[in-house]
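**Student:** The structure follows.
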Amino acid sequence: MKLNQECTLLQNELRKFAQQVILDKVDEFEKTCSIPLDNIKQLGEMGILGALIPEEMNGAALDTIGTVVSLEELSKVCASTAVIVTVHNAFFAYPILEFGSDEMKKKFIPKAACGDIIGGFAEFSTNDLKINKQGDDFVINGRNPFVLNAAANGPIIVIIPTSQENTGLSAFVLENDMAGLRIIKNASAIGLKSAGIGELVFENCTVSQNALLGVENQGDKILAQIKNIGGIFLSAIALGIAQGAIENAIKYAKERIQFDQAIINFGMVREKIADAIIRIEAVRLLTYDAAMKRDANENFANASSIAKYYSGQSAVEITTQAIQIYGGYGYMKDYPVERYFRDAQVINVICSTPVEEKENIVRTTIG
Amino acid sequence: MDYFFNDQEKELKEKAHEIAENMVRAVRYEFDDKAEFPLELVKEMGKRGMFRIFIPTEYGGTGGRIMDMCIAVEEISRVCAGIATSYAVGALGSGPIVHFANDEQKKKYLPKIATGEQLCAFGLTEAQAGSDAANIQTTARKEGDFYILNGVKQFISNAFVSDVFTVLASTDKTRGPRGISGFIVEKEFPGISYGKEENKMGIRASVTSELVFEDCRVPKENLMGKEGLGFIYTMRNFDRARPGVGAIALGIAQGAYEDALDFLYKHDLMNNQYVQRKIADMATEIEAARALIYATSRMIDSGIKGFSKASSFSKLYPSDIAVKVCSEAIALMGPHGTLKEHYIEKRLRDAKITQIYEGTNEIQRSVIALELTRDVGKKQKQEEK
């Protein structure tokens, strides 16, 4: 699969940025569970935060494949950074662009394009909430402990079951400082410690129709589209994690001497590397294919689900084996692979679980 | 499944279960967060007789059966594998004394280990001697009535808190593995200090650090068994200890599976056939791991010789299953599964070490393959005759 010149330039730029700017700071952000705001700001200046936003709204209007290679490069070094960018682009800016009113677009998009605001996302299930309708308004109580970009202090798109039937979802864009809404920054997920994942609590929060994105009770369509495109980006992140983990493990295996030789000479280590390379190549082809289908205006739902499923599972497997190559050292926070392992677990379930993706694959295949 | 435990085993299982539920459950995240050794808790476990099961009856124990160790460790680990490791290290550290020390040494050390008054640990690994365990650089030089130990042991579980260590050092470098000897070292001996404390992904309630010997004077009567046999003792001790690592892994898998089932049932997901397929496989694999551990334990306790391969089986399979079950439980639960409030994230962090410590699973596979090669070689030679 040949990347065009624009794509290759972007790839090189992001690789340099990840190596020269992000790498040194990863451990510190990881330790303090804090969002790498300076880095995100710089990514904004590079246009990455407006990847999906048209140029007339200050965006960079990248194609999907360009965004994919950018995320891959970022997540080779820091998956949290790539997740912040993905959530902001695919889970926040994209649905507003696609379904928002002109007023909403004007309000959020130009600021989102340059990174003045970083948007978040949360999907609620009926178990999480109690909702009363008062006139046209919704009065909401409940919580969601898994909110993406929660700690970024920006507006958050919430998907909420507003009707009794399971299909009755509605999407809203909520300001994080509105009355009755509280964000708890706890980074309690096993991984992505500096991605700002947190908790959102509604306490008698009144949400008006003004905040509604698209049509009431038709949020399932919005959610499906977010997941289709988000799935491609998350695949790119899983790919970067797997690649980053195995590159580190290979480097270590060349240096580590046991039984009077570098452990990379041992067949059991070589087999792990071979398995990783096979999976990584397959994941890259699947992910690029899904991205290129979207760029060619083809239906990409099936390709996105396949990529998301296989990339997530592969990231989990490859990072598990990368630690194994390091042995005891891999279990210590002095080395990066344990972070890749923890990050992979979260990537594997963000947006959709492997079970859900398998079902999506069947549904979009058999029609 | 019913494994036909005798009354004593049933009683032990109940006791361990009760300790795990009533004493460990409430504090398991606290010690993980702080990466602190639960000293009081471990001492209390000692008071309740939990260390006695590692020790023979003539030295204040209840027999030192591998089966008992596995039953107890599994129950504690089902609630917290970090605290289970803190506890189980006692078996690994006391094992060489139980099996290879002389009667005087046993009398001196084992009764206090049995009551938990003294905690013990085991020191083999070094920076350049991980999987290549025979490559240790720590030396023991004989000077009059003492051996003088010099070297740095790495990744030593419970080092900070232990009173007694069984330590491997080379008494004759020219002889390689056959020049390695075992020593019983007390923390008060001059020349011992603790080096770098490790910051681990999991089992954070089990403190891990370097154990440093600088001209440490060990009385010659603390040589364990014979000079030059230390490495062999260690390998034999590992053969006996590995089912215990399997039991830690098994406890993790069992706990994760129970948590996952509760979650899936609450969220109405048990009717989903994708989910059914996964949980049915998990249940089967966990039971297979348990059967393997128990069968190996019974085999070892029967007193037969040559159980290296079975011992490796019962560490390899349960630890692979533990990581798999935790990871798949998280995947089934979705984003919720990744969060602290559902606890499985800690189980997964803990589970990963079981594929690594006491011989990585790659070393286990090598051990198994080596034995298989020997077996098939023997068989073919006999057929040729």
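Going through the structure tokens in order, the chains are called A, B, and so on, while each chain numbers its residues from 1 and the ligands are numbered from 1 in the order shown.
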Within 6 Å of chain A, which residues of chain B show up? Give each one with its shortest atom-to-atom distance in Å (one decimal) and the two atoms involved, counting only C-alpha atoms, rows by chain then rising residue number, as JSON lines.
**Tutor:**
```
{"residue": "B:Asp132", "atom": "CA", "partner": "A:Gln258", "partner_atom": "CA", "distance": 5.5}
{"residue": "B:Asn199", "atom": "CA", "partner": "A:Lys333", "partner_atom": "CA", "distance": 5.7}
{"residue": "B:Lys200", "atom": "CA", "partner": "A:Met332", "partner_atom": "CA", "distance": 4.5}
{"residue": "B:Met201", "atom": "CA", "partner": "A:Tyr331", "partner_atom": "CA", "distance": 5.7}
{"residue": "B:Ala331", "atom": "CA", "partner": "A:Val349", "partner_atom": "CA", "distance": 5.9}
{"residue": "B:Gly334", "atom": "CA", "partner": "A:Val349", "partner_atom": "CA", "distance": 5.1}
{"residue": "B:Pro335", "atom": "CA", "partner": "A:Val349", "partner_atom": "CA", "distance": 5.6}
{"residue": "B:Thr338", "atom": "CA", "partner": "A:Ala189", "partner_atom": "CA", "distance": 5.0}
{"residue": "B:Leu339", "atom": "CA", "partner": "A:Ala189", "partner_atom": "CA", "distance": 4.2}
{"residue": "B:Lys340", "atom": "CA", "partner": "A:Ser188", "partner_atom": "CA", "distance": 5.5}
{"residue": "B:Glu345", "atom": "CA", "partner": "A:Ile190", "partner_atom": "CA", "distance": 5.5}
{"residue": "B:Ile356", "atom": "CA", "partner": "A:Gly327", "partner_atom": "CA", "distance": 6.0}
```
**Student:** As a ChimeraX atom specification, please: every residue in region 164-194 of chain B that a backbone DSSP assignment puts in strand (DSSP E or B).
**Tutor:** /B:164-170,180-186,192-194
**Student:** Excluding Arg363 (chain A) and residues on its chain fewer than 3 positions from it, collect all residues at most 12 Å away from it, counting only C-alpha atoms, and give them as a list in words.
**Tutor:** Ala301, Asn302, Ser305, Ile306, Glu356, Glu357, Lys358, Glu359, Asn360, Ile366 and Gly367 of chain A
**Student:** Run DSSP on the backbone and tell me which residues of region 295-327 of chain A come out as alpha helix (DSSP H); list them as a ChimeraX atom specification.
**Tutor:** /A:295,301-326
**Student:** May I have the residues within 10 Å of Ala112 (chain A) as a PyMOL selection string, using only C-alpha atoms and disregarding those fewer than 4 positions away in the same chain?
**Tutor:** chain A and resi 44+49-50+53+57-59+88-89+92-93+105+107-108+116-119+154-155
**Student:** Pull N, CA and C atoms from the residues just selected and write them as a compact mmCIF listing (two decimals), in the first residue's frame.
**Tutor:**
```txt
# COMPACT_ATOMS: atom_id res chain seq x y z
N GLY A 44 -2.22 21.21 17.75
CA GLY A 44 -3.22 22.13 17.20
C GLY A 44 -2.60 23.04 16.15
N LEU A 49 -5.47 18.89 15.25
CA LEU A 49 -6.74 18.95 15.99
C LEU A 49 -7.90 19.32 15.08
N GLY A 50 -7.58 19.85 13.91
CA GLY A 50 -8.65 20.15 12.95
C GLY A 50 -8.58 19.22 11.77
N ILE A 53 -11.78 18.90 9.97
CA ILE A 53 -12.52 20.15 9.81
C ILE A 53 -12.13 20.83 8.50
N MET A 57 -13.37 26.55 7.88
CA MET A 57 -13.63 26.70 9.32
C MET A 57 -12.33 26.56 10.11
N ASN A 58 -11.26 26.94 9.52
CA ASN A 58 -9.92 26.92 10.14
C ASN A 58 -9.31 25.53 10.27
N GLY A 59 -9.95 24.53 9.66
CA GLY A 59 -9.45 23.16 9.82
C GLY A 59 -8.33 22.83 8.84
N HIS A 88 -11.26 14.15 20.22
CA HIS A 88 -11.54 15.52 19.81
C HIS A 88 -12.02 15.58 18.35
N ASN A 89 -11.35 14.87 17.48
CA ASN A 89 -11.68 14.90 16.05
C ASN A 89 -12.92 14.08 15.71
N PHE A 92 -16.02 14.31 18.71
CA PHE A 92 -16.57 15.63 19.03
C PHE A 92 -16.77 16.49 17.78
N ALA A 93 -15.67 16.85 17.12
CA ALA A 93 -15.80 17.77 15.98
C ALA A 93 -16.61 17.16 14.83
N LYS A 105 -22.09 24.82 14.91
CA LYS A 105 -20.82 24.76 14.19
C LYS A 105 -20.02 26.02 14.43
N LYS A 107 -20.19 28.03 16.84
CA LYS A 107 -19.79 28.15 18.23
C LYS A 107 -18.57 27.28 18.56
N PHE A 108 -18.56 26.07 18.05
CA PHE A 108 -17.53 25.11 18.49
C PHE A 108 -16.40 24.84 17.50
N ASP A 116 -8.34 25.61 20.79
CA ASP A 116 -8.77 26.48 21.89
C ASP A 116 -9.72 25.74 22.82
N ILE A 117 -10.48 24.82 22.25
CA ILE A 117 -11.25 23.90 23.10
C ILE A 117 -10.90 22.47 22.67
N ILE A 118 -10.91 21.58 23.66
CA ILE A 118 -10.73 20.15 23.38
C ILE A 118 -12.01 19.45 23.78
N GLY A 119 -12.69 18.86 22.80
CA GLY A 119 -13.99 18.27 23.05
C GLY A 119 -13.90 16.87 23.63
N GLY A 154 -13.23 20.89 28.27
CA GLY A 154 -13.96 21.37 27.10
C GLY A 154 -15.39 20.90 27.09
N PRO A 155 -16.15 21.29 26.06
CA PRO A 155 -17.52 20.79 25.92
C PRO A 155 -17.50 19.29 25.65
```
**Student:** Might you pull out every residue within 9 Å of region 72-76 of chain B, with only C-alpha atoms counted and same-chain residues fewer than 2 positions away left off, and present them as an MDAnalysis selection string?
**Tutor:** chainID B and resid 12:21 24 50 53 67:70 78:81 83:85 87:88 244:252 254
**Student:** So that I can see what lies close to Glu98 (chain A), please list as a ChimeraX atom specification the residues with an atom at most 10 Å from it, counting only C-alpha atoms and leaving out residues fewer than 4 positions away in the same chain.
**Tutor:** /A:93-94,105,213-214,222,225-226
**Student:** Mind dumping the selected residues with C-alpha atoms as a PDB file, in the first residue's frame?
**Tutor:**
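Result file follows (selection.pdb):
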```pdb
ATOM      1  CA  ALA A  93     -15.799  17.770  15.975  1.00  0.00           C
ATOM      2  CA  TYR A  94     -16.988  15.273  13.392  1.00  0.00           C
ATOM      3  CA  LYS A 105     -20.819  24.759  14.187  1.00  0.00           C
ATOM      4  CA  LEU A 213     -27.319  17.566  18.313  1.00  0.00           C
ATOM      5  CA  GLY A 214     -29.348  16.359  15.331  1.00  0.00           C
ATOM      6  CA  ILE A 222     -24.937   9.746  15.035  1.00  0.00           C
ATOM      7  CA  GLN A 225     -21.224   7.140  12.337  1.00  0.00           C
ATOM      8  CA  ILE A 226     -18.968   8.279  15.160  1.00  0.00           C
TER       9      ILE A 226
END
```
**Student:** Would you pick out the contacts of Ile344 (chain B) at 7 Å or less, using only C-alpha atoms, so that residues sharing its chain but fewer than 6 positions from it are not included, and give the list as a PDB file with N, CA and C atoms, in the first residue's frame?
**Tutor:**
```pdb
ATOM      1  N   ALA B 256     -11.386 -13.054  38.769  1.00  0.00           N
ATOM      2  CA  ALA B 256     -11.761 -12.226  37.615  1.00  0.00           C
ATOM      3  C   ALA B 256     -13.024 -12.772  36.955  1.00  0.00           C
ATOM      4  N   CYS B 326      -8.341 -12.542  32.506  1.00  0.00           N
ATOM      5  CA  CYS B 326      -8.477 -11.143  32.943  1.00  0.00           C
ATOM      6  C   CYS B 326      -8.664 -10.218  31.750  1.00  0.00           C
ATOM      7  N   ILE B 330     -12.102  -8.102  30.844  1.00  0.00           N
ATOM      8  CA  ILE B 330     -12.153  -6.662  30.586  1.00  0.00           C
ATOM      9  C   ILE B 330     -12.829  -6.406  29.245  1.00  0.00           C
ATOM     10  N   GLY B 337     -14.937  -2.298  32.476  1.00  0.00           N
ATOM     11  CA  GLY B 337     -13.991  -3.315  32.908  1.00  0.00           C
ATOM     12  C   GLY B 337     -12.583  -2.787  33.108  1.00  0.00           C
TER      13      GLY B 337
END
```
**Student:** As an exercise, work out the distance from CA of Ala351 (chain B) to CA of Val323 (chain B) in Å and give it to one decimal place.
**Tutor:**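 Calculated distance between CA of Ala351 (chain B) and CA of Val323 (chain B) is 5.4 Å.
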